[in-house]
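What follows is the content of target-v1.cif (mmCIF, C-alpha atoms).
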```
data_protein
loop_
_atom_site.label_atom_id
_atom_site.label_comp_id
_atom_site.auth_asym_id
_atom_site.auth_seq_id
_atom_site.Cartn_x
_atom_site.Cartn_y
_atom_site.Cartn_z
CA MET A 1 -0.35 -7.85 16.21
CA ARG A 2 1.14 -4.50 15.37
CA GLY A 3 0.59 -4.99 11.65
CA ALA A 4 -3.14 -4.82 12.22
CA ALA A 5 -5.25 -1.80 11.46
CA THR A 6 -5.66 1.25 13.60
CA PRO A 7 -8.90 0.62 15.45
CA SER A 8 -11.99 1.74 13.57
CA SER A 9 -15.52 0.46 13.80
CA PRO A 10 -16.75 -1.93 11.08
CA ALA A 11 -19.72 0.35 10.46
CA ALA A 12 -17.49 3.39 9.98
CA ASP A 13 -15.22 1.39 7.63
CA LEU A 14 -18.13 0.24 5.53
CA GLU A 15 -19.56 3.73 5.29
CA LEU A 16 -16.22 5.18 4.28
CA ALA A 17 -15.75 2.44 1.68
CA GLN A 18 -19.19 3.13 0.23
CA ARG A 19 -18.56 6.85 0.04
CA CYS A 20 -15.26 6.19 -1.75
CA GLY A 21 -17.03 3.78 -4.08
CA ARG A 22 -19.54 6.49 -4.97
CA GLY A 23 -16.66 8.77 -5.88
CA ASP A 24 -16.67 11.11 -2.92
CA PRO A 25 -13.25 12.85 -3.10
CA ASP A 26 -13.29 13.81 0.57
CA ALA A 27 -13.87 10.21 1.53
CA PHE A 28 -10.98 9.07 -0.63
CA GLU A 29 -8.72 11.66 0.99
CA GLN A 30 -9.92 10.52 4.41
CA LEU A 31 -9.03 6.94 3.49
CA TYR A 32 -5.58 8.09 2.44
CA ARG A 33 -4.95 10.19 5.55
CA ALA A 34 -6.01 7.34 7.83
CA HIS A 35 -3.87 4.61 6.27
CA ALA A 36 -1.11 6.05 4.09
CA GLY A 37 1.44 6.43 6.91
CA ARG A 38 1.25 2.84 8.07
CA LEU A 39 1.32 1.45 4.55
CA TYR A 40 4.18 3.71 3.47
CA THR A 41 6.20 2.65 6.53
CA LEU A 42 5.69 -1.00 5.64
CA ILE A 43 6.43 -0.55 1.95
CA VAL A 44 9.62 1.50 2.40
CA ARG A 45 11.11 -1.22 4.59
CA MET A 46 9.84 -4.12 2.47
CA VAL A 47 11.30 -2.80 -0.80
CA ALA A 48 14.23 -0.89 0.75
CA SER A 49 13.61 2.26 -1.26
CA ALA A 50 11.67 5.40 -0.37
CA GLU A 51 11.31 6.31 -4.04
CA THR A 52 9.87 2.93 -5.05
CA ALA A 53 7.65 3.05 -1.98
CA GLU A 54 6.00 6.25 -3.25
CA ASP A 55 5.15 4.54 -6.54
CA LEU A 56 3.85 1.43 -4.82
CA LEU A 57 1.79 3.47 -2.35
CA GLN A 58 0.19 5.19 -5.32
CA GLU A 59 -0.54 1.82 -6.95
CA VAL A 60 -2.08 0.51 -3.75
CA PHE A 61 -4.41 3.49 -3.34
CA LEU A 62 -5.41 3.52 -7.00
CA THR A 63 -6.18 -0.19 -6.85
CA ALA A 64 -8.11 0.42 -3.64
CA TYR A 65 -9.98 3.26 -5.32
CA ARG A 66 -11.07 0.93 -8.12
CA LYS A 67 -12.03 -1.93 -5.83
CA VAL A 68 -13.26 -0.27 -2.67
CA GLY A 69 -16.85 -0.42 -3.91
CA ASN A 70 -16.62 -4.22 -3.50
CA PHE A 71 -15.42 -3.98 0.10
CA ARG A 72 -17.90 -5.93 2.24
CA GLY A 73 -16.36 -5.47 5.66
CA ASP A 74 -15.10 -9.06 6.10
CA SER A 75 -11.97 -7.53 7.60
CA SER A 76 -11.22 -3.95 8.60
CA LEU A 77 -10.39 -1.48 5.84
CA GLY A 78 -6.93 -1.21 7.36
CA THR A 79 -6.30 -4.95 7.07
CA TRP A 80 -7.77 -4.99 3.55
CA LEU A 81 -5.38 -2.23 2.47
CA TYR A 82 -2.45 -3.77 4.35
CA ARG A 83 -2.82 -7.09 2.55
CA MET A 84 -3.00 -5.28 -0.74
CA ALA A 85 0.21 -3.40 0.13
CA VAL A 86 2.05 -6.61 1.09
CA ASN A 87 1.03 -8.20 -2.20
CA HIS A 88 2.14 -5.18 -4.22
CA CYS A 89 5.52 -5.32 -2.47
CA LEU A 90 5.91 -9.04 -3.16
CA ASP A 91 4.96 -8.61 -6.82
CA TYR A 92 7.48 -5.82 -7.13
CA LEU A 93 10.24 -7.82 -5.44
CA ARG A 94 9.52 -10.90 -7.57
CA GLY A 95 9.68 -8.80 -10.71
CA ARG A 96 12.93 -7.24 -9.63
CA GLN A 97 14.46 -10.58 -8.71
CA SER A 98 13.65 -12.13 -12.05
CA LYS A 99 15.22 -9.13 -13.77
CA MET A 100 18.57 -9.21 -12.05
CA ALA A 101 20.37 -12.50 -11.76
CA ARG A 102 20.71 -13.17 -8.08
CA THR A 103 24.30 -12.11 -7.58
CA THR A 104 24.16 -9.90 -4.51
CA ASP A 105 22.72 -12.57 -2.27
CA SER A 106 25.51 -15.10 -2.78
CA ILE A 107 28.26 -12.48 -2.51
CA ASP A 108 26.75 -11.32 0.73
CA GLU A 109 26.52 -14.84 2.05
CA ASP A 110 30.11 -15.82 1.43
CA GLY A 111 31.63 -12.45 2.23
CA MET A 112 30.17 -12.52 5.72
CA VAL A 113 32.80 -12.24 8.40
CA GLU A 114 32.43 -12.73 12.12
CA PRO A 115 31.98 -9.27 13.72
CA ALA A 116 35.15 -7.97 15.32
CA ALA A 117 33.49 -6.07 18.18
CA VAL A 118 33.21 -8.23 21.27
CA ALA A 119 30.84 -6.08 23.34
CA PRO A 120 27.20 -7.08 22.90
CA LEU A 121 24.76 -4.78 21.09
CA VAL A 122 22.41 -2.81 23.31
CA ALA A 123 18.99 -2.17 21.77
CA SER A 124 18.72 1.41 22.99
CA ALA A 125 22.20 2.20 21.63
CA ILE A 126 21.44 1.00 18.09
CA SER A 127 20.83 4.12 16.01
CA ARG A 128 17.56 4.17 14.11
CA LEU A 129 19.38 5.34 11.00
CA ASP A 130 22.03 2.59 11.17
CA LEU A 131 19.34 -0.04 11.59
CA GLU A 132 17.18 1.29 8.71
CA ARG A 133 20.25 1.33 6.50
CA ALA A 134 21.26 -2.17 7.56
CA ILE A 135 17.75 -3.47 6.79
CA GLU A 136 18.04 -1.98 3.30
CA ARG A 137 21.18 -4.05 2.74
CA LEU A 138 19.48 -7.37 3.51
CA PRO A 139 18.62 -9.77 0.68
CA ASP A 140 14.92 -9.51 -0.29
CA GLY A 141 13.86 -12.88 1.15
CA CYS A 142 15.12 -12.43 4.67
CA ARG A 143 14.36 -8.68 4.70
CA THR A 144 10.63 -9.24 4.11
CA ALA A 145 10.48 -11.93 6.81
CA PHE A 146 12.39 -9.73 9.27
CA VAL A 147 10.26 -6.64 8.59
CA LEU A 148 7.03 -8.57 9.02
CA HIS A 149 8.19 -10.42 12.15
CA ASP A 150 10.42 -8.10 14.13
CA VAL A 151 9.26 -4.67 12.91
CA GLU A 152 5.58 -5.23 12.11
CA GLY A 153 5.04 -7.86 14.80
CA PHE A 154 3.46 -10.74 12.86
CA GLN A 155 3.75 -14.40 13.94
CA HIS A 156 5.65 -16.90 11.80
CA HIS A 157 2.48 -18.76 10.79
CA GLU A 158 0.95 -15.49 9.56
CA ILE A 159 4.11 -14.60 7.64
CA ALA A 160 4.17 -18.09 6.13
CA THR A 161 0.67 -17.51 4.74
CA MET A 162 1.44 -14.00 3.50
CA LEU A 163 4.67 -14.95 1.75
CA GLY A 164 3.61 -18.41 0.61
CA ILE A 165 6.49 -20.12 2.44
CA SER A 166 6.65 -22.68 5.24
CA GLU A 167 6.73 -21.62 8.87
CA GLY A 168 10.20 -23.15 9.19
CA THR A 169 11.44 -21.03 6.28
CA SER A 170 10.01 -17.92 7.90
CA LYS A 171 11.91 -18.72 11.11
CA SER A 172 15.18 -19.41 9.37
CA GLN A 173 14.86 -16.26 7.23
CA VAL A 174 14.30 -14.10 10.30
CA HIS A 175 17.33 -15.70 11.96
CA LYS A 176 19.43 -15.16 8.83
CA ALA A 177 18.33 -11.52 8.73
CA ARG A 178 19.22 -10.92 12.38
CA MET A 179 22.64 -12.52 11.95
CA LYS A 180 23.34 -10.31 8.92
CA LEU A 181 22.07 -7.21 10.69
CA ARG A 182 24.33 -8.06 13.60
CA ALA A 183 27.33 -8.17 11.28
CA PHE A 184 26.28 -4.93 9.54
CA LEU A 185 25.66 -3.09 12.79
CA LYS A 186 28.86 -4.23 14.43
CA GLY A 187 30.66 -3.19 11.28
CA ALA A 188 28.83 0.15 11.32
CA MET A 189 29.92 0.83 14.86
CA SER A 190 33.58 0.71 13.99
CA ALA A 191 33.17 2.49 10.62
CA PRO A 192 33.21 6.30 10.35
CA PRO A 193 29.71 7.86 10.31
CA ARG A 194 28.29 8.29 6.84
CA ALA A 195 26.57 11.36 5.38
CA LEU A 196 22.99 11.94 6.44
CA SER A 197 21.90 12.20 2.82
CA ALA A 198 21.00 8.51 2.79
CA GLN A 199 18.10 9.46 5.01
CA ALA A 200 16.34 11.41 2.29
CA GLY A 201 12.75 10.32 2.16
CA ARG A 202 12.53 9.57 5.83
CA VAL A 203 10.42 12.46 6.90
CA MET B 204 25.82 -28.90 22.18
CA ASN B 205 28.59 -26.92 20.52
CA CYS B 206 28.67 -23.40 19.01
CA SER B 207 27.73 -24.45 15.48
CA THR B 208 24.67 -26.38 16.65
CA CYS B 209 23.76 -23.69 19.18
CA GLN B 210 23.86 -20.58 16.97
CA PRO B 211 21.09 -21.55 14.50
CA LEU B 212 18.78 -21.97 17.51
CA LEU B 213 19.47 -18.62 19.08
CA SER B 214 16.70 -16.65 17.34
CA ALA B 215 14.08 -19.13 18.49
CA TYR B 216 15.77 -19.04 21.90
CA VAL B 217 15.52 -15.26 22.31
CA ASP B 218 11.95 -15.35 20.94
CA GLU B 219 11.15 -17.96 23.62
CA ALA B 220 9.73 -20.10 20.86
CA MET B 221 11.32 -23.47 21.61
CA ARG B 222 10.50 -26.53 23.65
CA ALA B 223 11.62 -26.51 27.29
CA GLU B 224 14.25 -29.27 26.92
CA GLU B 225 15.77 -27.57 23.84
CA SER B 226 15.83 -24.28 25.66
CA ALA B 227 17.53 -25.94 28.66
CA ALA B 228 20.21 -27.37 26.37
CA VAL B 229 20.90 -23.91 24.93
CA ASP B 230 21.01 -22.47 28.45
CA GLU B 231 23.60 -25.01 29.42
CA HIS B 232 25.80 -24.21 26.42
CA LEU B 233 25.49 -20.47 27.02
CA ARG B 234 26.63 -20.82 30.62
CA GLY B 235 29.97 -22.04 29.40
CA CYS B 236 30.32 -20.03 26.13
CA ALA B 237 30.86 -16.27 26.22
CA ALA B 238 30.89 -15.98 22.40
CA CYS B 239 27.43 -17.51 21.98
CA ARG B 240 26.14 -15.43 24.91
CA VAL B 241 27.13 -12.28 23.00
CA VAL B 242 25.40 -13.56 19.85
CA ALA B 243 22.22 -14.25 21.83
CA GLN B 244 22.29 -10.78 23.37
CA ASP B 245 22.91 -9.20 19.98
CA LEU B 246 19.96 -11.01 18.40
CA ALA B 247 17.69 -10.01 21.27
CA SER B 248 18.80 -6.37 20.97
CA ILE B 249 18.19 -6.37 17.21
CA ARG B 250 14.72 -7.77 17.74
CA VAL B 251 13.89 -5.05 20.28
CA ALA B 252 15.41 -2.29 18.11
CA GLY B 253 13.47 -3.56 15.08
CA GLY B 254 10.26 -3.49 17.06
CA SER B 255 10.82 0.07 18.18
CA LEU B 256 11.55 1.61 14.78
CA GLU B 257 9.42 4.67 14.25
CA PRO B 258 6.75 5.08 11.60
CA LEU B 259 7.72 6.96 8.44
CA ILE B 260 5.60 9.68 6.86
CA PRO B 261 4.97 9.76 3.12
CA PRO B 262 6.06 13.06 1.51
CA ALA B 263 3.17 15.50 0.95
CA HIS B 264 3.44 15.36 -2.85
CA VAL B 265 2.44 11.69 -2.90
CA TRP B 266 -1.17 12.50 -2.07
CA HIS B 267 -1.35 15.13 -4.81
CA ARG B 268 -0.05 12.61 -7.32
CA ILE B 269 -2.57 10.03 -6.17
CA ALA B 270 -5.49 12.49 -6.24
CA ALA B 271 -4.56 13.57 -9.77
CA ALA B 272 -4.19 9.96 -10.93
CA ALA B 273 -7.52 9.01 -9.33
CA GLU B 274 -9.15 11.83 -11.26
CA THR B 275 -7.63 10.59 -14.53
CA GLN B 276 -8.75 7.07 -13.71
CA THR B 277 -12.26 8.34 -13.05
CA ARG B 278 -12.41 10.23 -16.31
CA ALA B 279 -11.09 7.26 -18.25
CA SER B 280 -13.79 5.05 -16.79
CA GLY B 281 -16.46 7.62 -17.57
CA PHE B 282 -17.93 7.81 -14.09
CA HIS B 283 -18.22 10.72 -11.72
CA ALA B 284 -17.18 13.31 -14.28
CA GLY B 285 -17.15 16.06 -11.68
CA TRP B 286 -14.69 14.25 -9.45
CA PHE B 287 -11.74 16.18 -8.12
CA ALA B 288 -12.80 18.85 -10.54
CA TRP B 289 -10.32 21.38 -9.24
CA ARG B 290 -7.44 19.04 -8.54
CA PRO B 291 -6.05 18.78 -12.06
CA LEU B 292 -5.29 22.47 -11.75
CA ALA B 293 -2.33 21.62 -9.58
CA ALA B 294 -1.17 18.94 -11.97
CA VAL B 295 -1.52 21.20 -14.98
CA ALA B 296 0.27 24.00 -13.21
CA MET B 297 3.14 21.71 -12.33
CA THR B 298 3.45 20.45 -15.88
CA ALA B 299 3.31 23.97 -17.16
CA VAL B 300 6.03 25.17 -14.87
CA LEU B 301 8.27 22.24 -15.69
CA ALA B 302 7.77 22.77 -19.38
CA ALA B 303 8.12 26.52 -19.41
CA GLY B 304 10.93 26.80 -16.88
CA LEU B 305 10.52 28.74 -13.72
CA TRP B 306 12.33 31.86 -14.56
CA ARG B 307 9.69 33.15 -16.88
CA VAL B 308 7.95 34.63 -13.87
CA GLY B 309 9.42 38.02 -14.66
CA THR B 310 8.34 38.11 -18.27
CA LEU B 311 4.90 36.72 -17.57
CA LEU B 312 4.33 39.40 -15.01
CA GLN B 313 4.58 41.90 -17.79
CA PRO B 314 1.15 42.12 -19.42
CA ALA B 315 1.35 41.85 -23.20
CA GLY B 316 1.11 45.29 -24.80
CA ASP B 317 1.44 47.59 -21.80
CA GLY B 318 4.38 46.49 -19.71
CA ASP B 319 5.12 49.91 -18.22
CA SER B 320 2.72 49.78 -15.31
CA THR B 321 3.89 46.42 -13.92
CA PRO B 322 7.09 46.16 -11.89
CA GLN B 323 9.68 43.71 -13.13
CA LEU B 324 9.92 40.72 -10.89
CA ALA B 325 13.64 40.38 -11.47
CA ASP B 326 14.16 43.70 -9.72
CA VAL B 327 12.65 42.64 -6.43
CA VAL B 328 13.05 38.87 -6.24
CA PRO B 329 16.29 37.27 -5.02
CA ALA B 330 18.00 34.86 -7.39
CA ALA B 331 16.53 31.36 -7.31
CA GLU B 332 19.95 29.75 -6.95
CA SER B 333 20.98 31.58 -3.80
CA ASP B 334 17.73 31.33 -1.83
CA PRO B 335 15.02 29.36 -3.62
CA GLU B 336 12.43 29.67 -0.88
CA ALA B 337 12.73 33.47 -0.65
CA HIS B 338 12.65 33.58 -4.45
CA TYR B 339 9.37 31.68 -4.67
CA THR B 340 7.82 33.43 -1.69
CA LEU B 341 8.48 36.87 -3.11
CA ALA B 342 7.38 35.81 -6.57
CA ILE B 343 4.14 34.56 -5.04
CA ALA B 344 3.64 37.75 -3.06
CA ARG B 345 4.08 39.90 -6.18
CA LEU B 346 1.80 37.71 -8.26
CA GLU B 347 -0.85 37.62 -5.55
CA GLU B 348 -0.79 41.38 -5.28
CA VAL B 349 -1.61 41.78 -8.95
CA THR B 350 -4.08 38.91 -9.26
CA THR B 351 -6.03 39.79 -6.12
CA ALA B 352 -6.50 43.35 -7.27
CA ASP B 353 -7.89 42.31 -10.64
CA GLN B 354 -9.64 39.10 -9.77
CA ASP B 355 -13.10 40.58 -10.31
CA VAL B 356 -12.69 40.51 -14.10
CA LEU B 357 -12.96 36.72 -13.85
CA ASP B 358 -16.35 35.08 -13.60
CA GLN B 359 -17.24 33.55 -10.26
CA GLU B 360 -16.90 29.93 -11.36
CA THR B 361 -13.43 30.39 -12.83
CA ALA B 362 -12.19 32.40 -9.86
CA GLY B 363 -13.65 29.78 -7.51
CA ALA B 364 -11.95 26.90 -9.31
CA ILE B 365 -8.58 28.66 -9.31
CA ASN B 366 -8.89 29.62 -5.66
CA ALA B 367 -9.77 26.04 -4.76
CA GLY B 368 -6.61 24.93 -6.58
CA LEU B 369 -4.62 27.51 -4.64
CA THR B 370 -6.08 26.25 -1.37
CA VAL B 371 -4.89 22.72 -2.13
CA ILE B 372 -1.41 24.00 -2.91
CA ASP B 373 -1.39 26.08 0.29
CA GLU B 374 -2.22 22.95 2.27
CA ALA B 375 0.70 21.17 0.66
CA ILE B 376 2.95 24.11 1.54
CA THR B 377 1.79 24.08 5.17
CA GLU B 378 2.27 20.31 5.34
CA SER B 379 5.80 20.47 3.93
CA ARG B 380 6.76 23.30 6.28
CA ALA B 381 5.49 21.26 9.24
CA ALA B 382 7.51 18.26 8.05
CA LEU B 383 10.58 20.47 7.73
CA ARG B 384 10.15 21.75 11.26
CA THR B 385 10.14 18.17 12.54
CA GLU B 386 13.11 17.14 10.43
CA PRO B 387 14.98 20.17 9.09
CA GLN B 388 17.54 18.01 7.27
CA SER B 389 14.94 16.12 5.26
CA GLU B 390 15.64 16.58 1.56
CA SER B 391 12.29 15.16 0.56
CA ALA B 392 10.38 17.62 2.74
CA GLN B 393 12.46 20.41 1.24
CA GLU B 394 11.72 19.13 -2.25
CA SER B 395 8.00 18.88 -1.49
CA LEU B 396 8.02 22.47 -0.27
CA PHE B 397 9.77 23.75 -3.39
CA ALA B 398 7.48 21.70 -5.62
CA ALA B 399 4.41 23.16 -3.92
CA LEU B 400 5.80 26.71 -4.14
CA ARG B 401 6.55 26.17 -7.83
CA ARG B 402 3.01 24.92 -8.40
CA LYS B 403 1.65 28.02 -6.74
CA VAL B 404 3.81 30.32 -8.88
CA ALA B 405 2.68 28.49 -12.00
CA LEU B 406 -1.01 28.61 -11.17
CA LEU B 407 -0.83 32.31 -10.31
CA GLN B 408 0.92 32.88 -13.63
CA GLU B 409 -1.93 31.18 -15.48
CA MET B 410 -4.40 33.26 -13.52
CA LEU B 411 -2.58 36.46 -14.36
CA ALA B 412 -2.39 35.58 -18.03
CA LEU B 413 -6.11 34.92 -17.97
CA ILE B 414 -6.84 38.24 -16.29
CA ASN B 415 -4.74 40.02 -18.91
CA GLU B 416 -6.67 38.44 -21.77
CA MET B 417 -10.01 39.30 -20.15
CA ARG B 418 -8.99 42.91 -19.65
CA LYS B 419 -7.88 43.19 -23.23
CA GLY B 420 -11.27 41.79 -24.18
CA ASN B 421 -9.56 38.97 -26.01
CA GLN B 422 -12.19 36.28 -25.50
CA GLU B 423 -10.38 33.86 -27.76
CA GLY B 424 -7.13 34.12 -25.84
CA ALA B 425 -8.95 33.84 -22.53
CA ALA B 426 -10.79 30.73 -23.68
CA ARG B 427 -7.51 29.17 -24.78
CA ILE B 428 -5.86 29.75 -21.39
CA LEU B 429 -8.98 28.65 -19.56
CA SER B 430 -9.15 25.39 -21.47
CA GLU B 431 -5.50 24.85 -20.72
CA ILE B 432 -6.11 25.40 -17.00
CA ASN B 433 -9.14 23.14 -17.07
CA ARG B 434 -7.62 20.43 -19.19
#
```

How would this structure read if it were set down as structure tokens?
Amino acid sequence: MRGAATPSSPAADLELAQRCGRGDPDAFEQLYRAHAGRLYTLIVRMVASAETAEDLLQEVFLTAYRKVGNFRGDSSLGTWLYRMAVNHCLDYLRGRQSKMARTTDSIDEDGMVEPAAVAPLVASAISRLDLERAIERLPDGCRTAFVLHDVEGFQHHEIATMLGISEGTSKSQVHKARMKLRAFLKGAMSAPPRALSAQAGRV
Amino acid sequence: MNCSTCQPLLSAYVDEAMRAEESAAVDEHLRGCAACRVVAQDLASIRVAGGSLEPLIPPAHVWHRIAAAAETQTRASGFHAGWFAWRPLAAVAMTAVLAAGLWRVGTLLQPAGDGDSTPQLADVVPAAESDPEAHYTLAIARLEEVTTADQDVLDQETAGAINAGLTVIDEAITESRAALRTEPQSESAQESLFAALRRKVALLQEMLALINEMRKGNQEGAARILSEINR
């Protein structure tokens, strides 16, 4: 499971958590350096915005800073933080969805056309940038399922638990996401290349 | 099986997550249908490409924001008062530079009262618009020259706190430069670098102002600046 933590011993995790809980600034920085990259990567793709991801990453670490004293080592620190990050993303997406009437999703759905290009996609020929951009264009529901399944490597039953949906819904959302990505990518291949500026934030 | 019943099954098919008889039925349809074969290949390629996306790196400034916010949180809760004691320096410096505008470097370099002895920054520093990095770097060099020479008028604790703040900013500068080397086109790395350089200019300005007040023997003015730095 690629979404799992970078290996660290339970004893080391507990010690680091306790030092953070006591207010040791070096320990807090160590916690950040060890986990920020993985969490940021997840969050950027879940919420489809590097800018929002910075805010959410800050929220996650500040929440962790408040609560890390209660960490008992039932899971690894990495998993504990990861769960927190997923939940922050879902809260954010729910809030955003309730704010804007769901217009984009339906437009996307109906406006979908069968890709013109006949040649099959080759994984190694799909540009990283095109794929990242295509993922950003996905509706929230199928984007989160796709990111967790295909990018982060979780199983459908794990995603079902994380997102509070059925396993069948997780499967159909991942399929929907792949079909949309296919249309986007095949469209992208025949469209002129866009400016690199959209990559800002991807360091 | 026809195309419209086959296609919804293709993700499970490429994930090898279906029962053998279902999978055999899909196989049979694919043998006779080039269009669905392409869809299946596309879905498999997308899955592989998704799984090989590279990790992203948060911009350097995010940590500085988090450290400053953690400090505020700590103070608000009343625990660990000495936490991150030097870190707010960077935050204060940034606020100061945003509020005051960057281009006051030249005027601030001129000590109040006896401006003759200090060179004007505007004379030696390239315009910010044409080459921001060179502008900041030279501004920093000039400021460092003056502050290093006169640092001993500051008491050890104050000098130590300011130098610790400078060290943090230097780390951010190094980090941003490293990020820029990896991805020279990255606007966010560029922004982080400029932000860090601006913070350094601002903090050195505060330090210089403080040195000036101390030399003039203006304890009141020094205390005011110091409390601003420490706030």

Checklist entry - Near region 252-260 of chain B, within 8 Å and counting all atoms listed in the file, which residues show up once chain neighbours fewer than 4 positions away are dropped, as number ranges by chain? => result A: 37-38, 40-41, 123-124, 126, 128, 131, 147, 150-153, 202-203; B: 248

Quick check: residues of chain B within 9 Å of chain A, only C-alpha atoms, returned as a PDB file with C-alpha atoms, in the frame of the given file.
```pdb
ATOM      1  CA  PRO B 211      21.090 -21.550  14.500  1.00  0.00           C
ATOM      2  CA  LEU B 212      18.780 -21.970  17.510  1.00  0.00           C
ATOM      3  CA  LEU B 213      19.470 -18.620  19.080  1.00  0.00           C
ATOM      4  CA  SER B 214      16.700 -16.650  17.340  1.00  0.00           C
ATOM      5  CA  ALA B 215      14.080 -19.130  18.490  1.00  0.00           C
ATOM      6  CA  ALA B 238      30.890 -15.980  22.400  1.00  0.00           C
ATOM      7  CA  ARG B 240      26.140 -15.430  24.910  1.00  0.00           C
ATOM      8  CA  VAL B 241      27.130 -12.280  23.000  1.00  0.00           C
ATOM      9  CA  VAL B 242      25.400 -13.560  19.850  1.00  0.00           C
ATOM     10  CA  ALA B 243      22.220 -14.250  21.830  1.00  0.00           C
ATOM     11  CA  GLN B 244      22.290 -10.780  23.370  1.00  0.00           C
ATOM     12  CA  ASP B 245      22.910  -9.200  19.980  1.00  0.00           C
ATOM     13  CA  LEU B 246      19.960 -11.010  18.400  1.00  0.00           C
ATOM     14  CA  ALA B 247      17.690 -10.010  21.270  1.00  0.00           C
ATOM     15  CA  SER B 248      18.800  -6.370  20.970  1.00  0.00           C
ATOM     16  CA  ILE B 249      18.190  -6.370  17.210  1.00  0.00           C
ATOM     17  CA  ARG B 250      14.720  -7.770  17.740  1.00  0.00           C
ATOM     18  CA  VAL B 251      13.890  -5.050  20.280  1.00  0.00           C
ATOM     19  CA  ALA B 252      15.410  -2.290  18.110  1.00  0.00           C
ATOM     20  CA  GLY B 253      13.470  -3.560  15.080  1.00  0.00           C
ATOM     21  CA  GLY B 254      10.260  -3.490  17.060  1.00  0.00           C
ATOM     22  CA  SER B 255      10.820   0.070  18.180  1.00  0.00           C
ATOM     23  CA  LEU B 256      11.550   1.610  14.780  1.00  0.00           C
ATOM     24  CA  GLU B 257       9.420   4.670  14.250  1.00  0.00           C
ATOM     25  CA  PRO B 258       6.750   5.080  11.600  1.00  0.00           C
ATOM     26  CA  LEU B 259       7.720   6.960   8.440  1.00  0.00           C
ATOM     27  CA  ILE B 260       5.600   9.680   6.860  1.00  0.00           C
ATOM     28  CA  PRO B 261       4.970   9.760   3.120  1.00  0.00           C
ATOM     29  CA  PRO B 262       6.060  13.060   1.510  1.00  0.00           C
ATOM     30  CA  VAL B 265       2.440  11.690  -2.900  1.00  0.00           C
ATOM     31  CA  TRP B 266      -1.170  12.500  -2.070  1.00  0.00           C
ATOM     32  CA  ARG B 268      -0.050  12.610  -7.320  1.00  0.00           C
ATOM     33  CA  ILE B 269      -2.570  10.030  -6.170  1.00  0.00           C
ATOM     34  CA  ALA B 270      -5.490  12.490  -6.240  1.00  0.00           C
ATOM     35  CA  ALA B 272      -4.190   9.960 -10.930  1.00  0.00           C
ATOM     36  CA  ALA B 273      -7.520   9.010  -9.330  1.00  0.00           C
ATOM     37  CA  GLN B 276      -8.750   7.070 -13.710  1.00  0.00           C
ATOM     38  CA  THR B 277     -12.260   8.340 -13.050  1.00  0.00           C
ATOM     39  CA  PHE B 282     -17.930   7.810 -14.090  1.00  0.00           C
ATOM     40  CA  HIS B 283     -18.220  10.720 -11.720  1.00  0.00           C
ATOM     41  CA  TRP B 286     -14.690  14.250  -9.450  1.00  0.00           C
ATOM     42  CA  PHE B 287     -11.740  16.180  -8.120  1.00  0.00           C
ATOM     43  CA  ALA B 382       7.510  18.260   8.050  1.00  0.00           C
ATOM     44  CA  LEU B 383      10.580  20.470   7.730  1.00  0.00           C
ATOM     45  CA  THR B 385      10.140  18.170  12.540  1.00  0.00           C
ATOM     46  CA  GLU B 386      13.110  17.140  10.430  1.00  0.00           C
ATOM     47  CA  GLN B 388      17.540  18.010   7.270  1.00  0.00           C
ATOM     48  CA  SER B 389      14.940  16.120   5.260  1.00  0.00           C
ATOM     49  CA  GLU B 390      15.640  16.580   1.560  1.00  0.00           C
ATOM     50  CA  SER B 391      12.290  15.160   0.560  1.00  0.00           C
ATOM     51  CA  ALA B 392      10.380  17.620   2.740  1.00  0.00           C
TER      52      ALA B 392
END
```

Next on the checklist: I'd like the residues picked by the PyMOL selection byres ((chain A and resi 82) around 10) written out as a list in words, using the chain letters and numbers from the file.
Outcome noted: Gly3, Ala4, Ala5, His35, Ala36, Arg38, Leu39, Leu42, Ile43, Val60, Ser76, Leu77, Gly78, Thr79, Trp80, Leu81, Arg83, Met84, Ala85, Val86, Asn87 and His88 of chain A

Checklist entry - Contacts of His264 (chain B) at 9 Å or less, counting all atoms listed in the file, minus same-chain residues fewer than 5 places along, as a list in words? => result Ile269, Ala375, Ser379, Ser395, Leu396, Ala398 and Ala399 of chain B

Enclosing box along x, y and z for every listed atom of region 384-388 of chain B, padded 8 Å each side, centre and size in Å, one decimal, as JSON:
```
{"center_x": 13.8, "center_y": 19.4, "center_z": 9.9, "size_x": 23.4, "size_y": 20.6, "size_z": 21.3}
```

Item to check | Answer as a ChimeraX atom specification, residues within 9 Å of (-3.3, 36.5, -12.0) using all atoms listed in the file | outcome: /B:312,346-354,406-415

Those same residues, written as a short mmCIF file (atom, residue, chain, number, x, y, z; two decimals), in the frame of the given file with C-alpha atoms?
```
data_model
loop_
_atom_site.label_atom_id
_atom_site.label_comp_id
_atom_site.auth_asym_id
_atom_site.auth_seq_id
_atom_site.Cartn_x
_atom_site.Cartn_y
_atom_site.Cartn_z
CA LEU B 312 4.33 39.40 -15.01
CA LEU B 346 1.80 37.71 -8.26
CA GLU B 347 -0.85 37.62 -5.55
CA GLU B 348 -0.79 41.38 -5.28
CA VAL B 349 -1.61 41.78 -8.95
CA THR B 350 -4.08 38.91 -9.26
CA THR B 351 -6.03 39.79 -6.12
CA ALA B 352 -6.50 43.35 -7.27
CA ASP B 353 -7.89 42.31 -10.64
CA GLN B 354 -9.64 39.10 -9.77
CA LEU B 406 -1.01 28.61 -11.17
CA LEU B 407 -0.83 32.31 -10.31
CA GLN B 408 0.92 32.88 -13.63
CA GLU B 409 -1.93 31.18 -15.48
CA MET B 410 -4.40 33.26 -13.52
CA LEU B 411 -2.58 36.46 -14.36
CA ALA B 412 -2.39 35.58 -18.03
CA LEU B 413 -6.11 34.92 -17.97
CA ILE B 414 -6.84 38.24 -16.29
CA ASN B 415 -4.74 40.02 -18.91
#
```
